[in-house]
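To be precise, the following lines are final39.txt, and they hold compact mmCIF, C-alpha atoms.
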```txt
# COMPACT_ATOMS: atom_id res chain seq x y z
CA MET O 20 72.86 132.27 167.13
CA ARG O 21 70.25 134.54 165.60
CA PHE O 22 66.60 134.86 166.55
CA LEU O 23 63.59 136.40 164.86
CA SER O 24 60.28 137.51 166.21
CA PHE O 25 56.67 136.73 165.85
CA ALA O 26 54.02 138.13 163.53
CA ALA O 27 50.26 138.05 163.09
CA VAL O 28 47.42 135.82 164.18
CA ALA O 29 45.88 133.15 161.99
CA VAL O 30 45.26 129.71 163.43
CA LEU O 31 45.56 126.80 161.02
CA ALA O 32 45.64 123.09 161.81
CA LEU O 33 48.39 121.38 159.84
CA SER O 34 48.94 117.70 159.34
CA HIS O 35 52.16 115.84 158.60
CA PRO O 36 52.98 112.17 158.14
CA ALA O 37 53.73 111.08 161.70
CA SER O 38 53.64 107.99 163.86
CA ALA O 39 50.53 107.07 165.82
CA ALA O 40 52.32 108.11 169.01
CA GLU O 41 52.71 111.70 167.80
CA THR O 42 50.29 114.59 168.16
CA ALA O 43 50.42 117.60 165.85
CA LEU O 44 50.22 121.00 167.50
CA THR O 45 47.81 123.58 166.12
CA PRO O 46 50.06 126.60 165.52
CA ASN O 47 49.43 130.28 165.77
CA ILE O 48 50.63 131.50 162.36
CA GLY O 49 52.14 134.95 162.22
CA GLY O 50 51.92 136.67 158.86
CA ARG O 51 50.69 135.31 155.56
CA ALA O 52 50.88 131.59 154.83
CA VAL O 53 49.41 129.56 151.98
CA ALA O 54 47.90 126.17 152.82
CA GLN O 55 49.24 123.39 150.58
CA PRO O 56 48.39 119.74 149.97
CA GLY O 57 49.35 117.42 152.78
CA GLY O 58 48.91 120.07 155.43
CA ALA O 59 51.99 122.15 154.64
CA ALA O 60 52.05 125.95 154.59
CA ALA O 61 54.21 128.06 152.29
CA PHE O 62 55.39 131.48 153.43
CA GLY O 63 57.57 134.24 152.01
CA TRP O 64 56.97 137.66 153.56
CA PRO O 65 59.47 138.82 156.20
CA GLY O 66 58.83 138.10 159.84
CA VAL O 67 56.49 135.12 159.42
CA TYR O 68 56.37 132.83 162.43
CA PHE O 69 54.70 129.67 163.67
CA GLU O 70 54.16 129.14 167.38
CA GLY O 71 52.74 126.23 169.36
CA ARG O 72 52.11 125.33 173.01
CA PHE O 73 52.51 121.92 174.61
CA THR O 74 53.60 119.93 177.62
CA GLY O 75 56.15 117.14 177.47
CA PRO O 76 59.89 116.48 177.45
CA SER O 77 60.43 117.12 173.73
CA VAL O 78 58.99 118.52 170.53
CA GLU O 79 59.65 117.86 166.86
CA VAL O 80 59.79 120.57 164.19
CA ALA O 81 59.38 119.70 160.50
CA VAL O 82 60.24 122.32 157.89
CA ASP O 83 61.53 122.87 154.38
CA ALA O 84 63.69 125.99 154.67
CA GLY O 85 64.27 126.41 150.94
CA ALA O 86 66.97 129.09 150.66
CA GLU O 87 65.98 130.86 153.88
CA HIS O 88 67.40 131.07 157.37
CA LEU O 89 64.90 129.98 159.98
CA ALA O 90 65.31 130.01 163.75
CA VAL O 91 63.75 127.37 166.00
CA SER O 92 63.26 128.33 169.63
CA VAL O 93 61.68 126.82 172.71
CA ASP O 94 60.55 129.07 175.55
CA GLY O 95 62.30 132.06 174.01
CA ARG O 96 65.70 130.40 173.59
CA VAL O 97 67.01 129.57 170.12
CA ARG O 98 67.79 125.87 169.86
CA ALA O 99 68.68 125.66 166.16
CA GLU O 100 69.05 127.73 163.01
CA LEU O 101 68.22 126.18 159.66
CA SER O 102 69.59 127.29 156.31
CA THR O 103 68.41 125.48 153.18
CA GLY O 104 66.82 122.09 152.74
CA SER O 105 64.33 119.98 154.65
CA ALA O 106 64.73 119.06 158.28
CA ARG O 107 62.90 117.34 161.07
CA LEU O 108 64.41 118.30 164.41
CA THR O 109 63.80 116.79 167.83
CA LEU O 110 64.33 119.28 170.65
CA GLY O 111 64.49 117.52 173.99
CA GLY O 112 65.57 117.97 177.56
CA LEU O 113 62.54 120.10 178.41
CA GLY O 114 61.35 120.40 181.98
CA PRO O 115 57.84 119.93 183.36
CA GLY O 116 55.03 122.36 182.62
CA GLU O 117 53.97 124.26 179.52
CA HIS O 118 56.35 125.12 176.70
CA VAL O 119 56.19 127.29 173.59
CA VAL O 120 57.94 126.26 170.38
CA ARG O 121 58.42 128.78 167.60
CA LEU O 122 59.77 128.79 164.06
CA ASP O 123 60.85 132.24 162.85
CA LYS O 124 61.82 133.46 159.40
CA LEU O 125 65.08 135.39 159.56
CA THR O 126 65.62 136.40 155.94
CA GLU O 127 63.75 138.21 153.19
CA SER O 128 62.23 136.24 150.30
CA GLN O 129 61.76 138.31 147.16
CA THR O 130 61.34 135.10 145.17
CA GLY O 131 60.47 131.61 146.32
CA SER O 132 59.24 130.55 149.72
CA ALA O 133 59.83 128.19 152.61
CA ARG O 134 57.40 125.57 153.93
CA PHE O 135 56.25 124.77 157.44
CA LEU O 136 55.38 121.08 157.87
CA GLY O 137 54.39 120.92 161.52
CA PHE O 138 55.15 120.77 165.24
CA PHE O 139 54.71 117.38 166.96
CA VAL O 140 54.82 116.02 170.50
CA GLY O 141 55.26 112.35 171.41
CA SER O 142 53.39 110.07 173.77
CA GLY O 143 54.77 111.86 176.81
CA GLY O 144 53.42 115.20 175.66
CA ARG O 145 50.11 117.00 175.25
CA ALA O 146 49.03 119.62 172.73
CA LEU O 147 47.70 122.90 174.15
CA PRO O 148 45.83 125.77 172.45
CA PRO O 149 48.20 128.05 170.54
CA PRO O 150 49.41 131.33 172.02
CA ALA O 151 47.61 134.56 171.21
CA ARG O 152 48.07 138.16 172.26
CA ALA O 153 45.50 140.87 172.87
CA ARG O 154 47.03 143.40 170.47
CA ARG O 155 47.77 143.13 166.76
CA ILE O 156 49.99 145.37 164.63
CA GLU O 157 50.63 145.34 160.90
CA PHE O 158 53.87 146.76 159.49
CA ILE O 159 54.02 147.77 155.83
CA GLY O 160 57.28 148.98 154.38
CA ASP O 161 60.57 148.55 152.59
CA SER O 162 64.08 147.40 153.52
CA HIS O 163 64.05 149.44 156.74
CA THR O 164 61.05 147.40 157.88
CA VAL O 165 62.69 144.17 156.69
CA GLY O 166 65.82 144.75 158.77
CA TYR O 167 68.03 144.63 155.66
CA GLY O 168 71.59 143.63 156.59
CA VAL O 169 70.96 144.90 160.11
CA ARG O 170 73.45 142.57 161.80
CA SER O 171 76.30 144.00 159.77
CA THR O 172 78.79 146.38 161.34
CA LYS O 173 79.95 147.58 157.93
CA ARG O 174 78.24 149.26 155.01
CA ASP O 175 79.96 147.41 152.18
CA CYS O 176 78.38 143.95 151.97
CA THR O 177 78.24 141.20 149.36
CA GLN O 178 74.86 139.83 148.30
CA ALA O 179 75.56 136.74 150.41
CA GLU O 180 76.30 138.91 153.44
CA ILE O 181 73.12 140.91 152.92
CA HIS O 182 71.13 137.67 152.88
CA ASP O 183 72.88 136.22 155.91
CA LEU O 184 72.90 139.42 157.99
CA THR O 185 69.30 140.45 157.40
CA ASP O 186 67.29 139.74 160.56
CA THR O 187 63.76 141.07 160.76
CA SER O 188 63.57 140.33 164.48
CA LEU O 189 65.97 143.21 165.08
CA ALA O 190 63.93 145.69 163.03
CA PHE O 191 61.70 148.29 164.65
CA GLY O 192 58.48 146.35 164.04
CA PRO O 193 59.21 143.23 166.07
CA THR O 194 60.96 145.36 168.68
CA LEU O 195 57.86 147.52 169.07
CA ALA O 196 55.53 144.52 169.09
CA ARG O 197 57.47 142.86 171.89
CA ARG O 198 57.26 146.03 173.97
CA LEU O 199 53.50 146.22 173.44
CA ASP O 200 52.93 142.46 173.82
CA ALA O 201 51.39 142.37 170.35
CA ASP O 202 51.16 139.81 167.60
CA TYR O 203 52.04 141.22 164.22
CA ARG O 204 52.56 140.63 160.56
CA ILE O 205 54.95 142.30 158.14
CA VAL O 206 54.28 143.12 154.49
CA ALA O 207 57.55 144.65 153.35
CA PHE O 208 59.77 144.40 150.27
CA SER O 209 63.23 145.92 149.94
CA GLY O 210 63.58 148.58 147.25
CA ARG O 211 59.85 149.30 146.87
CA GLY O 212 58.03 152.58 147.34
CA VAL O 213 54.54 154.04 147.11
CA VAL O 214 54.69 154.89 143.39
CA ARG O 215 58.39 154.50 142.49
CA ASN O 216 60.94 151.86 143.39
CA TYR O 217 64.65 152.33 144.02
CA GLY O 218 66.36 153.69 140.91
CA GLY O 219 63.09 153.56 138.98
CA SER O 220 63.21 149.75 138.84
CA SER O 221 60.21 147.45 138.30
CA PRO O 222 57.72 150.15 137.24
CA GLY O 223 54.16 149.35 138.23
CA GLN O 224 55.32 147.00 141.00
CA SER O 225 55.39 149.32 143.98
CA LEU O 226 54.53 148.06 147.46
CA PRO O 227 50.80 148.92 147.20
CA ALA O 228 50.69 146.85 144.00
CA LEU O 229 52.25 143.87 145.82
CA TYR O 230 50.31 144.27 149.05
CA SER O 231 47.56 141.74 148.32
CA ARG O 232 49.97 138.90 147.52
CA MET O 233 50.18 135.93 149.85
CA ILE O 234 53.76 135.24 148.69
CA PRO O 235 55.71 138.37 147.69
CA GLY O 236 57.24 136.99 144.50
CA GLU O 237 54.04 135.32 143.25
CA ALA O 238 51.06 137.15 141.76
CA SER O 239 48.62 134.52 142.98
CA PRO O 240 47.04 133.55 145.25
CA SER O 241 45.97 136.87 146.68
CA VAL O 242 44.65 137.74 150.12
CA ASP O 243 41.03 136.81 150.80
CA PRO O 244 39.12 140.06 151.46
CA ALA O 245 37.30 138.25 154.25
CA GLU O 246 40.47 137.22 156.09
CA PRO O 247 40.09 137.42 159.90
CA TRP O 248 43.25 139.49 160.52
CA ARG O 249 42.19 142.66 162.36
CA PRO O 250 45.09 144.87 163.46
CA ASP O 251 44.63 147.60 166.04
CA LEU O 252 47.48 149.56 164.49
CA ILE O 253 48.97 149.77 160.99
CA VAL O 254 52.48 151.21 160.76
CA ILE O 255 53.63 152.24 157.28
CA GLY O 256 57.18 153.19 156.33
CA LEU O 257 57.29 153.99 152.60
CA GLY O 258 58.99 156.83 150.75
CA THR O 259 62.74 156.29 150.95
CA ASN O 260 62.79 154.46 147.62
CA ASP O 261 60.46 156.93 145.92
CA PHE O 262 62.88 159.82 146.48
CA SER O 263 66.39 158.51 147.25
CA THR O 264 67.50 158.27 143.60
CA PRO O 265 67.11 160.85 140.79
CA LEU O 266 64.45 160.41 138.13
CA GLN O 267 65.64 158.62 135.01
CA PRO O 268 64.67 159.39 131.39
CA GLY O 269 61.49 157.58 130.43
CA GLU O 270 59.98 157.40 133.91
CA ALA O 271 56.34 158.33 134.41
CA TRP O 272 56.97 161.70 136.09
CA THR O 273 58.22 164.78 134.28
CA ASP O 274 59.96 166.23 137.33
CA ASP O 275 60.31 165.94 141.10
CA ALA O 276 57.18 168.03 141.72
CA ALA O 277 55.10 165.57 139.69
CA LEU O 278 56.65 162.64 141.58
CA HIS O 279 55.86 164.17 144.96
CA ALA O 280 52.28 164.90 143.88
CA ALA O 281 51.81 161.32 142.69
CA TYR O 282 53.28 159.98 145.92
CA ARG O 283 50.88 162.02 148.06
CA GLN O 284 47.82 161.10 146.02
CA THR O 285 48.62 157.39 145.82
CA TYR O 286 49.64 157.11 149.46
CA ALA O 287 46.40 158.71 150.64
CA ALA O 288 44.40 156.37 148.40
CA PHE O 289 46.32 153.36 149.78
CA ILE O 290 45.50 154.37 153.35
CA ARG O 291 41.84 154.92 152.46
CA ASP O 292 41.67 151.41 150.99
CA LEU O 293 43.32 149.88 154.05
CA ALA O 294 40.99 151.83 156.34
CA ARG O 295 37.94 150.53 154.47
CA ARG O 296 39.14 146.99 155.03
CA GLN O 297 40.30 147.64 158.60
CA PRO O 298 38.00 150.34 160.04
CA GLN O 299 39.14 149.54 163.60
CA ALA O 300 42.78 150.39 162.88
CA ARG O 301 44.71 153.58 163.50
CA PHE O 302 47.74 154.45 161.35
CA LEU O 303 51.28 155.55 162.15
CA LEU O 304 53.14 156.94 159.12
CA ILE O 305 56.94 157.04 159.26
CA ALA O 306 58.26 160.37 157.98
CA GLY O 307 61.89 160.17 156.85
CA ASP O 308 64.25 163.02 156.01
CA SER O 309 63.53 163.15 152.27
CA PHE O 310 59.74 162.88 152.45
CA ALA O 311 58.60 164.21 155.84
CA ALA O 312 56.55 167.05 154.34
CA ASP O 313 54.83 164.61 151.99
CA VAL O 314 53.86 162.27 154.82
CA GLU O 315 52.56 165.14 156.90
CA ASP O 316 50.43 166.24 153.94
CA VAL O 317 49.08 162.70 153.50
CA ALA O 318 48.18 162.52 157.19
CA ARG O 319 46.33 165.84 156.98
CA THR O 320 44.45 164.65 153.89
CA VAL O 321 43.18 161.41 155.38
CA ASP O 322 42.50 162.99 158.78
CA ALA O 323 40.29 165.59 157.09
CA GLU O 324 38.10 162.69 155.94
CA ALA O 325 38.44 160.52 159.07
CA PRO O 326 39.64 162.55 162.08
CA SER O 327 42.66 161.17 163.97
CA LEU O 328 43.07 158.30 161.51
CA ALA O 329 46.79 158.82 160.83
CA THR O 330 49.71 160.16 162.85
CA PRO O 331 53.04 161.06 161.20
CA VAL O 332 56.10 159.94 163.17
CA ARG O 333 59.30 161.83 162.35
CA ILE O 334 62.41 159.69 162.05
CA THR O 335 65.76 161.44 161.68
CA GLY O 336 69.34 161.19 162.92
CA MET O 337 70.11 157.59 161.95
CA ASP O 338 73.73 156.45 161.62
CA LEU O 339 72.87 154.04 158.76
CA GLY O 340 75.79 151.79 159.65
CA ALA O 341 74.44 148.48 158.30
CA CYS O 342 74.75 147.02 154.79
CA ASP O 343 74.38 149.54 151.95
CA TRP O 344 73.75 152.45 154.33
CA HIS O 345 70.75 150.84 156.00
CA PRO O 346 69.60 151.31 159.59
CA SER O 347 71.83 149.75 162.22
CA ILE O 348 70.58 147.91 165.28
CA ALA O 349 70.83 151.19 167.21
CA ASP O 350 68.80 152.95 164.49
CA GLN O 351 66.13 150.30 164.64
CA ARG O 352 65.83 150.68 168.40
CA MET O 353 65.57 154.45 168.04
CA MET O 354 62.76 154.04 165.50
CA ALA O 355 61.00 151.66 167.89
CA ASP O 356 61.34 154.24 170.68
CA ARG O 357 59.64 156.96 168.62
CA LEU O 358 56.95 154.66 167.33
CA GLU O 359 56.28 153.33 170.81
CA ALA O 360 55.55 156.80 172.12
CA ALA O 361 53.17 157.43 169.22
CA ALA O 362 51.53 154.00 169.54
CA ARG O 363 50.83 154.37 173.24
CA ALA O 364 49.14 157.69 172.50
CA VAL O 365 46.66 156.15 170.06
CA LEU O 366 46.12 152.59 171.30
CA PRO O 367 43.42 151.91 173.89
```
Could you take the file, read its structure, and then write that structure out as structure tokens?
Amino acid sequence: MRFLSFAAVAVLALSHPASAAETALTPNIGGRAVAQPGGAAAFGWPGVYFEGRFTGPSVEVAVDAGAEHLAVSVDGRVRAELSTGSARLTLGGLGPGEHVVRLDKLTESQTGSARFLGFFVGSGGRALPPPARARRIEFIGDSHTVGYGVRSTKRDCTQAEIHDLTDTSLAFGPTLARRLDADYRIVAFSGRGVVRNYGGSSPGQSLPALYSRMIPGEASPSVDPAEPWRPDLIVIGLGTNDFSTPLQPGEAWTDDAALHAAYRQTYAAFIRDLARRQPQARFLLIAGDSFAADVEDVARTVDAEAPSLATPVRITGMDLGACDWHPSIADQRMMADRLEAAARAVLP
């Protein structure tokens, strides 16, 4: 049974129609979630999680999975995986002491969203403050960050297999966060780049253009500039989609040189904007085979303005054995290894 990881830190009290004998847990919400009437929370970005602490012999989990796969775990062990529709699960047989319940999003949502409805303990249980970790990391990227088809052992996959075998918990971001005992959030969208998307698709809708969305497939609402999320580290992996396919007639760039120049300029501006919002954060920039020189140039540009702001991290030698020539589980671990070394060098 599959398991995903945890994301960022935003605490939100949610209500749900429940009996008088039940107590709702206040969850630690990882990633972006939109509060809805009745105490629900909609979520769509990869890697979103909800986590609660309690004592008692059982816990109930209420969720509307939509078209997503969601994993429900207690104390780090997956107890159920949900795929489509609404459910209210009772997970029992728990021993004495404190427990942690978590709901993890396994799949990518490019359209639509799922809804969290609450965690509840009965009369024999007690709600505890939600978990929190000292470090916070934000991951911004494309399908490599999503963990696109990562559970596959073949490259040729149907759309259904891509959906079912995508598992963000096995991507480098959650792997790195677990090693560093960090909460995190992921803002990643398969096929998107800094200025150009895969094959020239969806012009004007690159990842920086989508970054402020609370739900990836919905233009509103957008992120509140005053949101409390304060990452220590921002890891960006963008560029594969900008350069992996040849320019098509009618695109905005006359040639590859113009595309590379636009990439460098826009990427540097994106980092500057993020740094203004998150002045406490340091940046790790993933440098892939087709755009390593560009990333190194971007790092030099922003470091000239703010010394030691960004560090390029070279990633090469992947086997790309998952769906559609995407990183395999081994590739994802290798990326986490290289990022871990860089992260430990810049984090306090």
Q: Could you jot down the atom CA of Arg154 of chain O to atom CA of Ser347 of chain O separation for me, Å, one decimal place?
A: 26.9 Å
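Candidate residues O:Arg72, O:Arg295, O:Arg152, O:His163 were compared for distance to His118 of chain O, and the nearest is O:Arg72, using all atoms listed in the file.
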Q: Find the residue from O:Phe158, O:Phe208, O:Phe139, O:Trp248 that sits nearest to Thr74 of chain O; use all atoms listed in the file when measuring.
A: O:Phe139
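Atom CA of Pro367 of chain O sits 19.4 Å away from atom CA of Thr194 of chain O.
The smallest atom-to-atom distance between Gly192 of chain O and any of O:Ala228, O:Ile255, O:Ala323, O:Ala281, using only C-alpha atoms, is found for O:Ile255.
Relative to atom CA of Val213 of chain O, atom CA of Asp322 of chain O is found at 19.0 Å.
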(Q) Can you tell me which residues surround Ala277 of chain O at a distance of at most 12 Å, considering only C-alpha atoms, apart from same-chain residues fewer than 5 positions away, and format the answer as number ranges by chain? (A) O: 214-215, 261-262, 266, 270-272, 282-284
